[in-house]
$ cat protein_22.pdb   # PDB, C-alpha atoms
ATOM      1  CA  MET A   1      50.950 105.402 188.134  1.00  0.00           C
ATOM      2  CA  ILE A   2      47.330 106.082 189.088  1.00  0.00           C
ATOM      3  CA  LEU A   3      45.955 109.600 188.648  1.00  0.00           C
ATOM      4  CA  TYR A   4      42.590 110.869 189.915  1.00  0.00           C
ATOM      5  CA  HIS A   5      40.088 113.477 188.742  1.00  0.00           C
ATOM      6  CA  GLY A   6      37.291 114.922 190.901  1.00  0.00           C
ATOM      7  CA  SER A   7      34.057 115.924 189.165  1.00  0.00           C
ATOM      8  CA  TYR A   8      30.251 115.502 189.268  1.00  0.00           C
ATOM      9  CA  ALA A   9      30.346 112.499 186.891  1.00  0.00           C
ATOM     10  CA  ALA A  10      32.666 109.706 185.850  1.00  0.00           C
ATOM     11  CA  ILE A  11      34.878 110.911 183.017  1.00  0.00           C
ATOM     12  CA  THR A  12      35.638 107.802 180.978  1.00  0.00           C
ATOM     13  CA  LYS A  13      37.073 109.659 177.973  1.00  0.00           C
ATOM     14  CA  PRO A  14      38.565 113.032 178.927  1.00  0.00           C
ATOM     15  CA  ASP A  15      37.888 115.613 176.209  1.00  0.00           C
ATOM     16  CA  LEU A  16      39.836 118.876 176.156  1.00  0.00           C
ATOM     17  CA  SER A  17      36.984 120.695 174.423  1.00  0.00           C
ATOM     18  CA  PHE A  18      35.334 120.845 177.878  1.00  0.00           C
ATOM     19  CA  ALA A  19      38.414 122.261 179.650  1.00  0.00           C
ATOM     20  CA  ARG A  20      38.028 125.463 181.677  1.00  0.00           C
ATOM     21  CA  LEU A  21      40.196 128.503 181.110  1.00  0.00           C
ATOM     22  CA  LYS A  22      41.904 130.571 183.802  1.00  0.00           C
ATOM     23  CA  THR A  23      43.097 127.676 185.945  1.00  0.00           C
ATOM     24  CA  ASP A  24      46.564 127.326 187.510  1.00  0.00           C
ATOM     25  CA  PHE A  25      48.096 125.547 184.546  1.00  0.00           C
ATOM     26  CA  GLY A  26      45.670 126.832 181.936  1.00  0.00           C
ATOM     27  CA  SER A  27      43.105 124.952 179.938  1.00  0.00           C
ATOM     28  CA  GLY A  28      43.536 121.205 180.264  1.00  0.00           C
ATOM     29  CA  PHE A  29      42.402 118.009 181.962  1.00  0.00           C
ATOM     30  CA  HIS A  30      43.536 118.247 185.591  1.00  0.00           C
ATOM     31  CA  THR A  31      44.424 115.131 187.564  1.00  0.00           C
ATOM     32  CA  THR A  32      46.355 114.348 190.726  1.00  0.00           C
ATOM     33  CA  PRO A  33      48.240 111.341 192.098  1.00  0.00           C
ATOM     34  CA  ILE A  34      46.743 112.193 195.513  1.00  0.00           C
ATOM     35  CA  ARG A  35      43.332 110.506 195.855  1.00  0.00           C
ATOM     36  CA  GLU A  36      42.336 112.659 198.851  1.00  0.00           C
ATOM     37  CA  GLN A  37      42.929 115.780 196.765  1.00  0.00           C
ATOM     38  CA  ALA A  38      40.572 114.516 194.034  1.00  0.00           C
ATOM     39  CA  VAL A  39      37.970 113.644 196.677  1.00  0.00           C
ATOM     40  CA  ASN A  40      38.177 117.217 197.991  1.00  0.00           C
ATOM     41  CA  TRP A  41      37.854 118.623 194.443  1.00  0.00           C
ATOM     42  CA  SER A  42      34.737 116.504 193.853  1.00  0.00           C
ATOM     43  CA  LYS A  43      33.122 117.670 197.122  1.00  0.00           C
ATOM     44  CA  HIS A  44      32.784 121.160 195.639  1.00  0.00           C
ATOM     45  CA  PHE A  45      30.004 119.679 193.486  1.00  0.00           C
ATOM     46  CA  LEU A  46      28.167 118.314 196.543  1.00  0.00           C
ATOM     47  CA  ARG A  47      27.837 121.890 197.809  1.00  0.00           C
ATOM     48  CA  GLU A  48      26.147 122.740 194.493  1.00  0.00           C
ATOM     49  CA  GLY A  49      23.659 119.880 194.920  1.00  0.00           C
ATOM     50  CA  LYS A  50      25.363 117.707 192.308  1.00  0.00           C
ATOM     51  CA  PRO A  51      26.905 114.266 192.701  1.00  0.00           C
ATOM     52  CA  ALA A  52      30.604 113.960 193.554  1.00  0.00           C
ATOM     53  CA  VAL A  53      32.632 111.382 191.649  1.00  0.00           C
ATOM     54  CA  VAL A  54      36.327 110.510 191.583  1.00  0.00           C
ATOM     55  CA  SER A  55      37.584 108.894 188.380  1.00  0.00           C
ATOM     56  CA  ALA A  56      40.854 106.956 188.313  1.00  0.00           C
ATOM     57  CA  TYR A  57      43.271 106.582 185.396  1.00  0.00           C
ATOM     58  CA  ALA A  58      46.335 104.496 184.708  1.00  0.00           C
ATOM     59  CA  PHE A  59      49.071 106.713 183.287  1.00  0.00           C
ATOM     60  CA  LEU A  60      52.170 105.205 181.678  1.00  0.00           C
ATOM     61  CA  GLU A  61      50.990 101.785 182.804  1.00  0.00           C
ATOM     62  CA  LYS A  62      53.125  99.709 180.438  1.00  0.00           C
ATOM     63  CA  ALA A  63      56.838  99.223 181.009  1.00  0.00           C
ATOM     64  CA  GLY A  64      58.874 101.264 178.602  1.00  0.00           C
ATOM     65  CA  GLU A  65      56.162 103.730 177.662  1.00  0.00           C
ATOM     66  CA  ASP A  66      57.835 106.897 176.491  1.00  0.00           C
ATOM     67  CA  ILE A  67      56.246 110.324 176.236  1.00  0.00           C
ATOM     68  CA  SER A  68      59.433 112.089 175.175  1.00  0.00           C
ATOM     69  CA  ARG A  69      57.776 113.223 171.921  1.00  0.00           C
ATOM     70  CA  PHE A  70      55.536 115.465 174.025  1.00  0.00           C
ATOM     71  CA  LYS A  71      56.491 118.771 175.624  1.00  0.00           C
ATOM     72  CA  VAL A  72      56.380 118.446 179.408  1.00  0.00           C
ATOM     73  CA  LEU A  73      56.825 121.312 181.864  1.00  0.00           C
ATOM     74  CA  GLU A  74      57.493 120.229 185.435  1.00  0.00           C
ATOM     75  CA  PHE A  75      57.635 122.459 188.499  1.00  0.00           C
ATOM     76  CA  ASN A  76      59.505 120.588 191.234  1.00  0.00           C
ATOM     77  CA  THR A  77      59.167 123.418 193.736  1.00  0.00           C
ATOM     78  CA  HIS A  78      57.335 126.665 194.324  1.00  0.00           C
ATOM     79  CA  SER A  79      59.392 129.215 192.415  1.00  0.00           C
ATOM     80  CA  LYS A  80      59.061 132.583 190.727  1.00  0.00           C
ATOM     81  CA  LYS A  81      58.646 130.750 187.402  1.00  0.00           C
ATOM     82  CA  TRP A  82      55.794 128.697 188.932  1.00  0.00           C
ATOM     83  CA  LEU A  83      54.158 131.821 190.399  1.00  0.00           C
ATOM     84  CA  ASP A  84      54.398 133.734 187.117  1.00  0.00           C
ATOM     85  CA  PHE A  85      53.053 130.766 185.155  1.00  0.00           C
ATOM     86  CA  ILE A  86      50.013 130.462 187.445  1.00  0.00           C
ATOM     87  CA  MET A  87      49.427 134.207 187.451  1.00  0.00           C
ATOM     88  CA  ALA A  88      49.457 134.400 183.643  1.00  0.00           C
ATOM     89  CA  ASN A  89      47.090 131.439 183.309  1.00  0.00           C
ATOM     90  CA  ARG A  90      44.668 132.686 185.967  1.00  0.00           C
ATOM     91  CA  LEU A  91      44.530 136.023 184.166  1.00  0.00           C
ATOM     92  CA  GLY A  92      43.812 134.192 180.908  1.00  0.00           C
ATOM     93  CA  GLN A  93      47.077 135.397 179.402  1.00  0.00           C
ATOM     94  CA  PRO A  94      49.323 132.316 179.181  1.00  0.00           C
ATOM     95  CA  VAL A  95      52.831 133.062 178.003  1.00  0.00           C
ATOM     96  CA  GLY A  96      55.663 131.009 176.616  1.00  0.00           C
ATOM     97  CA  GLU A  97      55.598 127.672 174.897  1.00  0.00           C
ATOM     98  CA  ARG A  98      52.595 125.455 174.365  1.00  0.00           C
ATOM     99  CA  TRP A  99      52.943 122.466 176.656  1.00  0.00           C
ATOM    100  CA  ASP A 100      51.367 119.022 176.295  1.00  0.00           C
ATOM    101  CA  LEU A 101      51.597 118.233 180.002  1.00  0.00           C
ATOM    102  CA  VAL A 102      52.265 120.483 182.986  1.00  0.00           C
ATOM    103  CA  ILE A 103      53.169 118.902 186.323  1.00  0.00           C
ATOM    104  CA  GLY A 104      53.510 120.674 189.647  1.00  0.00           C
ATOM    105  CA  GLY A 105      52.017 122.120 192.801  1.00  0.00           C
ATOM    106  CA  VAL A 106      48.426 123.292 192.996  1.00  0.00           C
ATOM    107  CA  ALA A 107      47.463 126.745 194.172  1.00  0.00           C
ATOM    108  CA  ASN A 108      44.800 125.407 196.537  1.00  0.00           C
ATOM    109  CA  ASP A 109      42.769 127.508 198.994  1.00  0.00           C
ATOM    110  CA  LYS A 110      45.649 127.741 201.484  1.00  0.00           C
ATOM    111  CA  VAL A 111      48.037 128.835 198.755  1.00  0.00           C
ATOM    112  CA  PHE A 112      45.523 131.106 197.059  1.00  0.00           C
ATOM    113  CA  ASN A 113      45.631 133.759 199.806  1.00  0.00           C
ATOM    114  CA  THR A 114      49.366 134.165 199.266  1.00  0.00           C
ATOM    115  CA  LEU A 115      48.854 134.259 195.488  1.00  0.00           C
ATOM    116  CA  GLU A 116      46.209 136.973 195.822  1.00  0.00           C
ATOM    117  CA  LEU A 117      48.639 139.147 197.773  1.00  0.00           C
ATOM    118  CA  TYR A 118      51.293 138.504 195.118  1.00  0.00           C
ATOM    119  CA  PHE A 119      48.858 139.275 192.260  1.00  0.00           C
ATOM    120  CA  LYS A 120      47.938 142.575 193.954  1.00  0.00           C
ATOM    121  CA  GLY A 121      51.614 143.479 194.319  1.00  0.00           C
ATOM    122  CA  GLU A 122      51.449 143.384 198.119  1.00  0.00           C
ATOM    123  CA  LEU A 123      54.094 140.635 198.261  1.00  0.00           C
ATOM    124  CA  THR A 124      57.221 140.246 196.173  1.00  0.00           C
ATOM    125  CA  SER A 125      57.823 136.889 194.514  1.00  0.00           C
ATOM    126  CA  ALA A 126      60.515 136.119 197.111  1.00  0.00           C
ATOM    127  CA  GLN A 127      58.102 136.854 199.983  1.00  0.00           C
ATOM    128  CA  ALA A 128      55.353 134.756 198.391  1.00  0.00           C
ATOM    129  CA  ILE A 129      57.656 131.785 197.794  1.00  0.00           C
ATOM    130  CA  ARG A 130      58.944 131.986 201.377  1.00  0.00           C
ATOM    131  CA  ARG A 131      55.349 131.828 202.681  1.00  0.00           C
ATOM    132  CA  LEU A 132      54.427 128.962 200.351  1.00  0.00           C
ATOM    133  CA  ARG A 133      57.233 126.726 201.623  1.00  0.00           C
ATOM    134  CA  TYR A 134      55.230 126.168 204.810  1.00  0.00           C
ATOM    135  CA  ASN A 135      52.144 124.777 203.045  1.00  0.00           C
ATOM    136  CA  LYS A 136      51.679 121.063 202.465  1.00  0.00           C
ATOM    137  CA  PRO A 137      51.791 120.916 198.677  1.00  0.00           C
ATOM    138  CA  ASN A 138      49.076 119.395 196.572  1.00  0.00           C
ATOM    139  CA  PHE A 139      50.027 118.170 193.153  1.00  0.00           C
ATOM    140  CA  GLN A 140      48.520 118.053 189.687  1.00  0.00           C
ATOM    141  CA  TYR A 141      49.106 116.736 186.195  1.00  0.00           C
ATOM    142  CA  CYS A 142      47.440 119.022 183.648  1.00  0.00           C
ATOM    143  CA  PHE A 143      47.011 117.273 180.298  1.00  0.00           C
ATOM    144  CA  LYS A 144      46.836 119.797 177.474  1.00  0.00           C
ATOM    145  CA  ASN A 145      47.156 117.487 174.454  1.00  0.00           C
ATOM    146  CA  GLN A 146      44.301 115.211 173.369  1.00  0.00           C
ATOM    147  CA  VAL A 147      46.657 112.702 171.702  1.00  0.00           C
ATOM    148  CA  LEU A 148      48.600 112.319 174.952  1.00  0.00           C
ATOM    149  CA  ILE A 149      45.325 111.711 176.804  1.00  0.00           C
ATOM    150  CA  ASN A 150      44.019 109.217 174.251  1.00  0.00           C
ATOM    151  CA  ASP A 151      47.252 107.225 174.034  1.00  0.00           C
ATOM    152  CA  TYR A 152      48.522 107.241 177.625  1.00  0.00           C
ATOM    153  CA  LEU A 153      45.712 108.015 180.080  1.00  0.00           C
ATOM    154  CA  HIS A 154      43.490 104.944 180.517  1.00  0.00           C
ATOM    155  CA  PHE A 155      40.229 105.038 182.504  1.00  0.00           C
ATOM    156  CA  ALA A 156      40.442 102.557 185.403  1.00  0.00           C
ATOM    157  CA  GLY A 157      37.132 103.195 187.184  1.00  0.00           C
ATOM    158  CA  ALA A 158      35.136 105.692 189.206  1.00  0.00           C
ATOM    159  CA  GLU A 159      33.553 105.942 192.628  1.00  0.00           C
ATOM    160  CA  ASP A 160      30.872 108.117 194.170  1.00  0.00           C
ATOM    161  CA  VAL A 161      31.928 110.381 197.013  1.00  0.00           C
ATOM    162  CA  LYS A 162      29.639 111.073 199.950  1.00  0.00           C
TER     163      LYS A 162
END
$ encode --input "protein_22.pdb" --output "structure tokens"
Amino acid sequence: MILYHGSYAAITKPDLSFARLKTDFGSGFHTTPIREQAVNWSKHFLREGKPAVVSAYAFLEKAGEDISRFKVLEFNTHSKKWLDFIMANRLGQPVGERWDLVIGGVANDKVFNTLELYFKGELTSAQAIRRLRYNKPNFQYCFKNQVLINDYLHFAGAEDVK
């Protein structure tokens, strides 16, 4: 599987010590299997006068690779658990277990408006989830364990975005 990361530079060796806090899935190295999504992430840097670069990585490239020793949390759908997880992380107050990899939908700009209403208490979780079902989901893999990154995420190249 190929995963992509949008930034202002090629990231050949992802390092969690540079991870930002208060993101959807908490501190980690965020990637996506959707190239267009990574391109859009990188374009945020163009608006700041910086370069835009999409790096590509092979993940689980060898047959039989097994990451079962790592703790993986996967959100297959927008749910109350997903909403609460994002809310806690965005507030800088993650709860629950420590995960090595979190996989699931991204709270992008279209989703963020609904999340803001939920965070403010203006929507119930059921109302927010109902609204979110109509958005085309984006998707991310948030790597939160440096060993997992070093052993299973292999830099495959980078390209400049214009």
$ atom_distance --input "protein_22.pdb" --atom1 "CA of Ala58 (chain A)" --atom2 "CA of Asp160 (chain A)"
18.5 Å
$ residues_around --input "protein_22.pdb" --residues "region 65-73 of chain A" --least-positions-apart "2" --cutoff "6 Å" --atoms "only C-alpha atoms" --output "PyMOL selection string"
chain A and resi 60+62-63+99-102
$ closest_residue --input "protein_22.pdb" --among "A:Gly49, A:Gly64, A:Gly92, A:Gly105" --to "Lys22 (chain A)" --atoms "only C-alpha atoms"
A:Gly92
$ closest_residue --input "protein_22.pdb" --among "A:Leu3, A:Val147, A:Val161, A:Ile129" --to "Val39 (chain A)" --atoms "only C-alpha atoms"
A:Val161
$ closest_residue --input "protein_22.pdb" --among "A:Phe143, A:Trp82, A:Tyr152, A:Phe45" --to "Ala128 (chain A)" --atoms "only C-alpha atoms"
A:Trp82
$ closest_residue --input "protein_22.pdb" --among "A:Leu117, A:Ile2, A:Ile103, A:Val54" --to "Glu36 (chain A)" --atoms "only C-alpha atoms"
A:Val54
$ resolve_selection --input "protein_22.pdb" --expression "the PyMOL selection byres ((chain A and resi 17) around 10)" --output "PyMOL selection string"
chain A and resi 14-16+18-20+27-29+146
$ closest_residue --input "protein_22.pdb" --among "A:Gln127, A:Thr114, A:Thr23, A:Ser55" --to "Gly157 (chain A)" --atoms "all atoms listed in the file"
A:Ser55
$ residues_around --input "protein_22.pdb" --residues "Ala88 (chain A)" --least-positions-apart "5" --cutoff "12 Å" --atoms "only C-alpha atoms" --output "MDAnalysis selection string"
chainID A and resid 21:27 81:83 93:96 115 119
$ resolve_selection --input "protein_22.pdb" --expression "the PyMOL selection byres ((chain A and resi 12) around 10)" --output "list in words"
Ala9, Ala10, Ile11, Lys13, Pro14, Asp15, Ser55, Ala56, Tyr57, His154, Phe155, Ala156, Gly157 and Ala158 of chain A
$ closest_residue --input "protein_22.pdb" --among "A:Asn89, A:Asn113, A:Ser79, A:Ser7" --to "Gln37 (chain A)" --atoms "all atoms listed in the file"
A:Ser7
$ atom_distance --input "protein_22.pdb" --atom1 "CA of Gly121 (chain A)" --atom2 "CA of Trp41 (chain A)"
28.4 Å
$ atom_distance --input "protein_22.pdb" --atom1 "CA of Asn150 (chain A)" --atom2 "CA of Ala38 (chain A)"
20.8 Å
$ residues_around --input "protein_22.pdb" --residues "Thr32 (chain A)" --least-positions-apart "5" --cutoff "7 Å" --atoms "all atoms listed in the file" --output "JSON, numbers by chain"
{"A": [3, 4, 5, 38, 139, 140, 141]}
$ decode --input "protein_22.pdb" --residues "region 55-101 of chain A" --atoms "N, CA and C atoms" --output "mmCIF file, in the first residue's frame"
data_model
loop_
_atom_site.group_PDB
_atom_site.id
_atom_site.type_symbol
_atom_site.label_atom_id
_atom_site.label_comp_id
_atom_site.auth_asym_id
_atom_site.auth_seq_id
_atom_site.Cartn_x
_atom_site.Cartn_y
_atom_site.Cartn_z
ATOM 1 N N SER A 55 5.340 13.503 -0.156
ATOM 2 C CA SER A 55 6.216 12.340 -0.009
ATOM 3 C C SER A 55 5.358 11.079 -0.072
ATOM 4 N N ALA A 56 5.926 10.026 -0.636
ATOM 5 C CA ALA A 56 5.228 8.745 -0.754
ATOM 6 C C ALA A 56 5.990 7.683 0.035
ATOM 7 N N TYR A 57 5.219 6.747 0.601
ATOM 8 C CA TYR A 57 5.789 5.683 1.435
ATOM 9 C C TYR A 57 5.128 4.359 1.095
ATOM 10 N N ALA A 58 5.930 3.308 1.079
ATOM 11 C CA ALA A 58 5.389 1.961 0.986
ATOM 12 C C ALA A 58 5.134 1.491 2.414
ATOM 13 N N PHE A 59 3.933 1.027 2.656
ATOM 14 C CA PHE A 59 3.551 0.524 3.983
ATOM 15 C C PHE A 59 3.134 -0.932 3.829
ATOM 16 N N LEU A 60 3.705 -1.790 4.656
ATOM 17 C CA LEU A 60 3.429 -3.229 4.585
ATOM 18 C C LEU A 60 3.654 -3.736 3.167
ATOM 19 N N GLU A 61 4.826 -3.429 2.626
ATOM 20 C CA GLU A 61 5.100 -3.740 1.224
ATOM 21 C C GLU A 61 5.450 -5.198 0.973
ATOM 22 N N LYS A 62 5.911 -5.911 1.991
ATOM 23 C CA LYS A 62 6.314 -7.298 1.799
ATOM 24 C C LYS A 62 5.187 -8.246 2.180
ATOM 25 N N ALA A 63 4.984 -9.258 1.397
ATOM 26 C CA ALA A 63 3.948 -10.255 1.690
ATOM 27 C C ALA A 63 4.190 -10.852 3.069
ATOM 28 N N GLY A 64 3.138 -10.946 3.819
ATOM 29 C CA GLY A 64 3.240 -11.571 5.136
ATOM 30 C C GLY A 64 3.661 -10.644 6.255
ATOM 31 N N GLU A 65 3.909 -9.380 5.955
ATOM 32 C CA GLU A 65 4.268 -8.471 7.046
ATOM 33 C C GLU A 65 3.118 -8.402 8.033
ATOM 34 N N ASP A 66 3.461 -8.404 9.302
ATOM 35 C CA ASP A 66 2.450 -8.493 10.347
ATOM 36 C C ASP A 66 2.714 -7.422 11.402
ATOM 37 N N ILE A 67 1.736 -6.566 11.612
ATOM 38 C CA ILE A 67 1.900 -5.528 12.636
ATOM 39 C C ILE A 67 1.042 -5.828 13.864
ATOM 40 N N SER A 68 0.682 -7.073 14.042
ATOM 41 C CA SER A 68 -0.218 -7.433 15.143
ATOM 42 C C SER A 68 0.373 -7.152 16.526
ATOM 43 N N ARG A 69 1.681 -6.970 16.625
ATOM 44 C CA ARG A 69 2.282 -6.639 17.926
ATOM 45 C C ARG A 69 2.020 -5.189 18.312
ATOM 46 N N PHE A 70 1.509 -4.410 17.375
ATOM 47 C CA PHE A 70 1.215 -2.999 17.633
ATOM 48 C C PHE A 70 -0.276 -2.812 17.905
ATOM 49 N N LYS A 71 -0.583 -1.762 18.653
ATOM 50 C CA LYS A 71 -1.982 -1.455 18.970
ATOM 51 C C LYS A 71 -2.542 -0.518 17.905
ATOM 52 N N VAL A 72 -3.546 -1.010 17.190
ATOM 53 C CA VAL A 72 -4.142 -0.265 16.080
ATOM 54 C C VAL A 72 -5.595 0.038 16.418
ATOM 55 N N LEU A 73 -5.968 1.301 16.265
ATOM 56 C CA LEU A 73 -7.356 1.732 16.427
ATOM 57 C C LEU A 73 -7.855 2.146 15.052
ATOM 58 N N GLU A 74 -8.945 1.526 14.607
ATOM 59 C CA GLU A 74 -9.482 1.841 13.290
ATOM 60 C C GLU A 74 -10.935 2.279 13.397
ATOM 61 N N PHE A 75 -11.223 3.428 12.802
ATOM 62 C CA PHE A 75 -12.587 3.943 12.720
ATOM 63 C C PHE A 75 -13.073 3.688 11.302
ATOM 64 N N ASN A 76 -14.011 2.768 11.145
ATOM 65 C CA ASN A 76 -14.528 2.418 9.824
ATOM 66 C C ASN A 76 -15.646 3.342 9.372
ATOM 67 N N THR A 77 -16.166 4.135 10.293
ATOM 68 C CA THR A 77 -17.280 5.022 9.982
ATOM 69 C C THR A 77 -17.254 6.199 10.946
ATOM 70 N N HIS A 78 -17.955 7.255 10.582
ATOM 71 C CA HIS A 78 -18.128 8.365 11.515
ATOM 72 C C HIS A 78 -19.077 7.884 12.607
ATOM 73 N N SER A 79 -18.627 7.976 13.841
ATOM 74 C CA SER A 79 -19.411 7.469 14.969
ATOM 75 C C SER A 79 -19.204 8.387 16.168
ATOM 76 N N LYS A 80 -19.969 8.164 17.204
ATOM 77 C CA LYS A 80 -19.790 8.941 18.432
ATOM 78 C C LYS A 80 -18.390 8.706 18.992
ATOM 79 N N LYS A 81 -17.898 7.476 18.933
ATOM 80 C CA LYS A 81 -16.549 7.174 19.415
ATOM 81 C C LYS A 81 -15.506 7.971 18.630
ATOM 82 N N TRP A 82 -15.685 8.047 17.294
ATOM 83 C CA TRP A 82 -14.790 8.824 16.437
ATOM 84 C C TRP A 82 -14.854 10.309 16.809
ATOM 85 N N LEU A 83 -16.072 10.840 16.929
ATOM 86 C CA LEU A 83 -16.250 12.246 17.303
ATOM 87 C C LEU A 83 -15.586 12.560 18.631
ATOM 88 N N ASP A 84 -15.825 11.728 19.642
ATOM 89 C CA ASP A 84 -15.259 11.965 20.967
ATOM 90 C C ASP A 84 -13.737 11.858 20.959
ATOM 91 N N PHE A 85 -13.208 10.940 20.165
ATOM 92 C CA PHE A 85 -11.763 10.781 20.051
ATOM 93 C C PHE A 85 -11.135 12.036 19.454
ATOM 94 N N ILE A 86 -11.728 12.539 18.360
ATOM 95 C CA ILE A 86 -11.221 13.760 17.724
ATOM 96 C C ILE A 86 -11.347 14.952 18.662
ATOM 97 N N MET A 87 -12.484 15.076 19.316
ATOM 98 C CA MET A 87 -12.698 16.200 20.221
ATOM 99 C C MET A 87 -11.648 16.211 21.328
ATOM 100 N N ALA A 88 -11.397 15.074 21.948
ATOM 101 C CA ALA A 88 -10.409 14.995 23.023
ATOM 102 C C ALA A 88 -9.017 15.356 22.515
ATOM 103 N N ASN A 89 -8.645 14.860 21.348
ATOM 104 C CA ASN A 89 -7.325 15.159 20.801
ATOM 105 C C ASN A 89 -7.182 16.624 20.415
ATOM 106 N N ARG A 90 -8.220 17.184 19.791
ATOM 107 C CA ARG A 90 -8.146 18.601 19.397
ATOM 108 C C ARG A 90 -8.082 19.530 20.604
ATOM 109 N N LEU A 91 -8.642 19.077 21.716
ATOM 110 C CA LEU A 91 -8.555 19.867 22.951
ATOM 111 C C LEU A 91 -7.253 19.601 23.705
ATOM 112 N N GLY A 92 -6.432 18.696 23.182
ATOM 113 C CA GLY A 92 -5.174 18.360 23.837
ATOM 114 C C GLY A 92 -5.357 17.498 25.070
ATOM 115 N N GLN A 93 -6.468 16.781 25.119
ATOM 116 C CA GLN A 93 -6.785 15.947 26.279
ATOM 117 C C GLN A 93 -7.131 14.525 25.834
ATOM 118 N N PRO A 94 -6.180 13.840 25.151
ATOM 119 C CA PRO A 94 -6.500 12.494 24.674
ATOM 120 C C PRO A 94 -6.847 11.567 25.832
ATOM 121 N N VAL A 95 -7.783 10.698 25.583
ATOM 122 C CA VAL A 95 -8.240 9.760 26.610
ATOM 123 C C VAL A 95 -8.079 8.335 26.102
ATOM 124 N N GLY A 96 -8.113 7.405 27.015
ATOM 125 C CA GLY A 96 -8.076 6.000 26.634
ATOM 126 C C GLY A 96 -6.672 5.478 26.444
ATOM 127 N N GLU A 97 -6.583 4.401 25.709
ATOM 128 C CA GLU A 97 -5.326 3.706 25.508
ATOM 129 C C GLU A 97 -4.363 4.506 24.640
ATOM 130 N N ARG A 98 -3.101 4.151 24.746
ATOM 131 C CA ARG A 98 -2.095 4.692 23.833
ATOM 132 C C ARG A 98 -2.058 3.795 22.606
ATOM 133 N N TRP A 99 -2.243 4.367 21.458
ATOM 134 C CA TRP A 99 -2.291 3.611 20.215
ATOM 135 C C TRP A 99 -1.008 3.811 19.432
ATOM 136 N N ASP A 100 -0.602 2.799 18.668
ATOM 137 C CA ASP A 100 0.568 2.895 17.808
ATOM 138 C C ASP A 100 0.193 3.418 16.421
ATOM 139 N N LEU A 101 -1.030 3.127 16.010
ATOM 140 C CA LEU A 101 -1.523 3.546 14.707
ATOM 141 C C LEU A 101 -3.022 3.773 14.827
#
